[in-house]
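One structure below.
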Amino acid sequence: MTLRVATLDADSATREGTITRLAYSCLLMVGINSGWLGPFLPQISHISHLPIERAGLIVSASAAGYFISLLIAGEISQSLSAQKILVGGMVLFTLGLTALAVAASLAGLLCAGFLIGVAGGGIDIGANALIVEFNRERLASALNYLHVLFGVGALLGPLIVSAAFAGRVPYWWIFGGGALACAAIGFRLSITPAHEIRTAPEPGNGFLAMLSRPVIWVISAVMFLYVGAEIGIGTWLFLYLRTAGALSPMLASSGVSLYWLGLVCGRAFGGRLGHRIALPQFTMLASALSAAALVILMAAPTTGGVAASAVFLIGFGYGPVFPNMIAVGAARFPAEVGRMTSIVVAGGALGAIVAPWIMGQAIAHVSARASMEIALAFTIAMAALSLSLRAFEVSAREELSI
């Protein structure tokens, strides 16, 4: 009997490890798409005969699909396993990247972006729910490590673009290769036996009842500001470095990679410290670092070493913010992680719709500097608002003591 139990435990651990790696792979692909889309926008704009700001609407269409998907997937997650949600997300991601590769008009590009966004929402819900389920005792650290994979993907994306530029490979071949990778990950997930759920989701009081909790609104507002600034910079940094910094396409693409490298390092750093420091203060300090680095970048965009350091530090400060907010929400709503994640990440999706569009308008009609000023305003507000979460932590402890 003891041997049988040990065998079952070993099998369960092996299956959990496989599913964890596949969840990481899903988020890696989301990161790659985020990292390569911005540098490819000028080429997409040229091939499709569209102004750059209209081609940039792909990002907003993707964010819209992401937002809608989050609201749906969050409720589905209360009755459907996170693993199945991930499989569905990868199927849609495969279709979206394929459509992006073959689309020749604005309508086709927007539809492809929307489909990719729908996939991304499901992947975010499924991956976060799985990692929370497997790591109840170390939420902040585990979630930071999960989102390191997004950053790694976002770092690889511009490097792939640089290699494509060097080899004169058109973007549709790159997107097609990404579609094949997504299909392979989704297939592997679909044939992997499901893991045993340790903490089953509870119906709770529903979506509207959770919206009545002030802490949800504060976390969502931080996510709105963070994702808006992060995606906005990731999308337009290439063009900013090309114009304000007068860099070549390959150097500007490398600058975007440096931004995402900072994000990776920031999340790895957050993984080490996430369980040792209060998350509101940690998030405020990280946001303040990004804000200071943005000021430096705007002051010296053509000074090589200074600008490169600033770009890295912007990403480094942003790194822990997203997983920290998921960890704060998961700690407050442990049996409704899927629903909580859908609400707060939906706030981020709204930011991804608004901020890149505003920054695109600014860079097209005002100046490259104006686009970064918008990102700075978002970041300063994020730093101030994240600190207010400390009050909710104190309130939660007082409720438990009563």
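Ligands are numbered from 1 in the order shown, chains are lettered A, B, ... in the order of the structure tokens, and residues start at 1 in each chain.
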Tell me, counting only C-alpha atoms, for each residue of segment 94-179 of chain A within 12 Å of segment 245-263 of chain A, which pair of atoms is nearest and how far apart they are in Å to one decimal, in rows ordered by chain and increasing number, as JSON lines.
{"residue": "A:Asn144", "atom": "CA", "partner": "A:Leu263", "partner_atom": "CA", "distance": 10.6}
{"residue": "A:Tyr145", "atom": "CA", "partner": "A:Leu263", "partner_atom": "CA", "distance": 11.5}
{"residue": "A:His147", "atom": "CA", "partner": "A:Leu263", "partner_atom": "CA", "distance": 9.3}
{"residue": "A:Val148", "atom": "CA", "partner": "A:Leu263", "partner_atom": "CA", "distance": 7.7}
{"residue": "A:Leu149", "atom": "CA", "partner": "A:Leu263", "partner_atom": "CA", "distance": 10.1}
{"residue": "A:Phe150", "atom": "CA", "partner": "A:Leu263", "partner_atom": "CA", "distance": 9.0}
{"residue": "A:Gly151", "atom": "CA", "partner": "A:Leu263", "partner_atom": "CA", "distance": 5.7}
{"residue": "A:Val152", "atom": "CA", "partner": "A:Leu261", "partner_atom": "CA", "distance": 7.1}
{"residue": "A:Gly153", "atom": "CA", "partner": "A:Trp260", "partner_atom": "CA", "distance": 8.4}
{"residue": "A:Ala154", "atom": "CA", "partner": "A:Trp260", "partner_atom": "CA", "distance": 5.7}
{"residue": "A:Leu155", "atom": "CA", "partner": "A:Trp260", "partner_atom": "CA", "distance": 4.7}
{"residue": "A:Leu156", "atom": "CA", "partner": "A:Ser257", "partner_atom": "CA", "distance": 7.1}
{"residue": "A:Gly157", "atom": "CA", "partner": "A:Ser257", "partner_atom": "CA", "distance": 7.6}
{"residue": "A:Pro158", "atom": "CA", "partner": "A:Ser257", "partner_atom": "CA", "distance": 5.5}
{"residue": "A:Leu159", "atom": "CA", "partner": "A:Ser257", "partner_atom": "CA", "distance": 6.6}
{"residue": "A:Ile160", "atom": "CA", "partner": "A:Ser253", "partner_atom": "CA", "distance": 9.6}
{"residue": "A:Val161", "atom": "CA", "partner": "A:Ser253", "partner_atom": "CA", "distance": 7.4}
{"residue": "A:Ser162", "atom": "CA", "partner": "A:Met250", "partner_atom": "CA", "distance": 5.8}
{"residue": "A:Ala163", "atom": "CA", "partner": "A:Met250", "partner_atom": "CA", "distance": 9.0}
{"residue": "A:Ala164", "atom": "CA", "partner": "A:Met250", "partner_atom": "CA", "distance": 10.2}
{"residue": "A:Phe165", "atom": "CA", "partner": "A:Met250", "partner_atom": "CA", "distance": 7.6}
{"residue": "A:Ala166", "atom": "CA", "partner": "A:Met250", "partner_atom": "CA", "distance": 8.3}
{"residue": "A:Gly167", "atom": "CA", "partner": "A:Met250", "partner_atom": "CA", "distance": 11.9}
I'd like a table as JSON lines: residues in segment 6-125 of chain A with an atom no more than 10 Å from segment 215-238 of chain A, each row giving the shortest atom pair and its distance in Å to one decimal, only C-alpha atoms counted, sorted by chain and rising residue number.
{"residue": "A:Ser34", "atom": "CA", "partner": "A:Gly234", "partner_atom": "CA", "distance": 7.5}
{"residue": "A:Gly35", "atom": "CA", "partner": "A:Gly234", "partner_atom": "CA", "distance": 6.9}
{"residue": "A:Trp36", "atom": "CA", "partner": "A:Thr235", "partner_atom": "CA", "distance": 8.9}
{"residue": "A:Leu37", "atom": "CA", "partner": "A:Thr235", "partner_atom": "CA", "distance": 7.2}
{"residue": "A:Gly38", "atom": "CA", "partner": "A:Thr235", "partner_atom": "CA", "distance": 4.3}
{"residue": "A:Pro39", "atom": "CA", "partner": "A:Phe238", "partner_atom": "CA", "distance": 6.0}
{"residue": "A:Phe40", "atom": "CA", "partner": "A:Phe238", "partner_atom": "CA", "distance": 9.6}
{"residue": "A:Leu41", "atom": "CA", "partner": "A:Thr235", "partner_atom": "CA", "distance": 8.6}
{"residue": "A:Pro42", "atom": "CA", "partner": "A:Phe238", "partner_atom": "CA", "distance": 9.7}
{"residue": "A:Gly56", "atom": "CA", "partner": "A:Thr235", "partner_atom": "CA", "distance": 8.2}
{"residue": "A:Val59", "atom": "CA", "partner": "A:Thr235", "partner_atom": "CA", "distance": 8.0}
{"residue": "A:Ala63", "atom": "CA", "partner": "A:Ile231", "partner_atom": "CA", "distance": 9.7}
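Comparing A:Arg136, A:Arg332, A:Arg15, A:His49 by their smallest distance to Gln83 of chain A, the closest is A:Arg15 (using only C-alpha atoms).
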Identify, on the basis of only C-alpha atoms, every residue whose closest approach to segment 85-90 of chain A does not exceed 9 Å; exclude the query and any residue fewer than 2 positions from it along the same chain; express the result as an NGL selection string.
:A and (23 or 26 or 73 or 76-77 or 80-83 or 92-95 or 116 or 118-127 or 182-190)
Nearest residue to Ile358 of chain A from the set A:Ala293, A:Asn128, A:Ser60, A:Leu208 (distances using only C-alpha atoms):
A:Ser60
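Residue nearest Ser342 of chain A, chosen from A:Ala194, A:Val311, A:Ile72, A:Leu109 and counting only C-alpha atoms: A:Ile72.
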What is the atom CA of Phe312 of chain A-atom CA of Phe114 of chain A distance in Å, reported with one decimal?
29.6 Å
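Rounded to one decimal, atom CA of Leu50 of chain A and atom CA of Gln361 of chain A lie 14.5 Å from each other.
From atom CA of Val102 of chain A back to atom CA of Gly176 of chain A, the distance works out to 8.9 Å.
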A:Ala179, A:Leu70, A:Ala377, A:Leu313: which is nearest Leu350 of chain A, counting only C-alpha atoms?
A:Leu70
So which residues touch Ala209 of chain A within 12 Å, counting only C-alpha atoms, skipping near sequence neighbours fewer than 6 positions away, as a VMD selection string?
chain A and resid 203 216 336 339 to 340 343
Quick one: write out the picked residues with C-alpha atoms as an mmCIF file, in the first residue's frame?
data_model
loop_
_atom_site.group_PDB
_atom_site.id
_atom_site.type_symbol
_atom_site.label_atom_id
_atom_site.label_comp_id
_atom_site.auth_asym_id
_atom_site.auth_seq_id
_atom_site.Cartn_x
_atom_site.Cartn_y
_atom_site.Cartn_z
ATOM 1 C CA PRO A 203 -19.265 29.598 -6.823
ATOM 2 C CA ILE A 216 -10.702 44.692 -6.512
ATOM 3 C CA GLU A 336 -12.080 32.366 -6.682
ATOM 4 C CA ARG A 339 -12.814 35.089 -11.332
ATOM 5 C CA MET A 340 -10.511 37.491 -9.479
ATOM 6 C CA ILE A 343 -11.539 41.098 -13.241
#
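Near Met382 of chain A, within a cut-off of 8 Å and counting only C-alpha atoms, sit the residues Val222, Leu225, Tyr226, Met284, Ser287, Phe378, Thr379, Ile380, Ala384, Leu385 and Ser386 of chain A, with same-chain residues fewer than 2 positions away left out.
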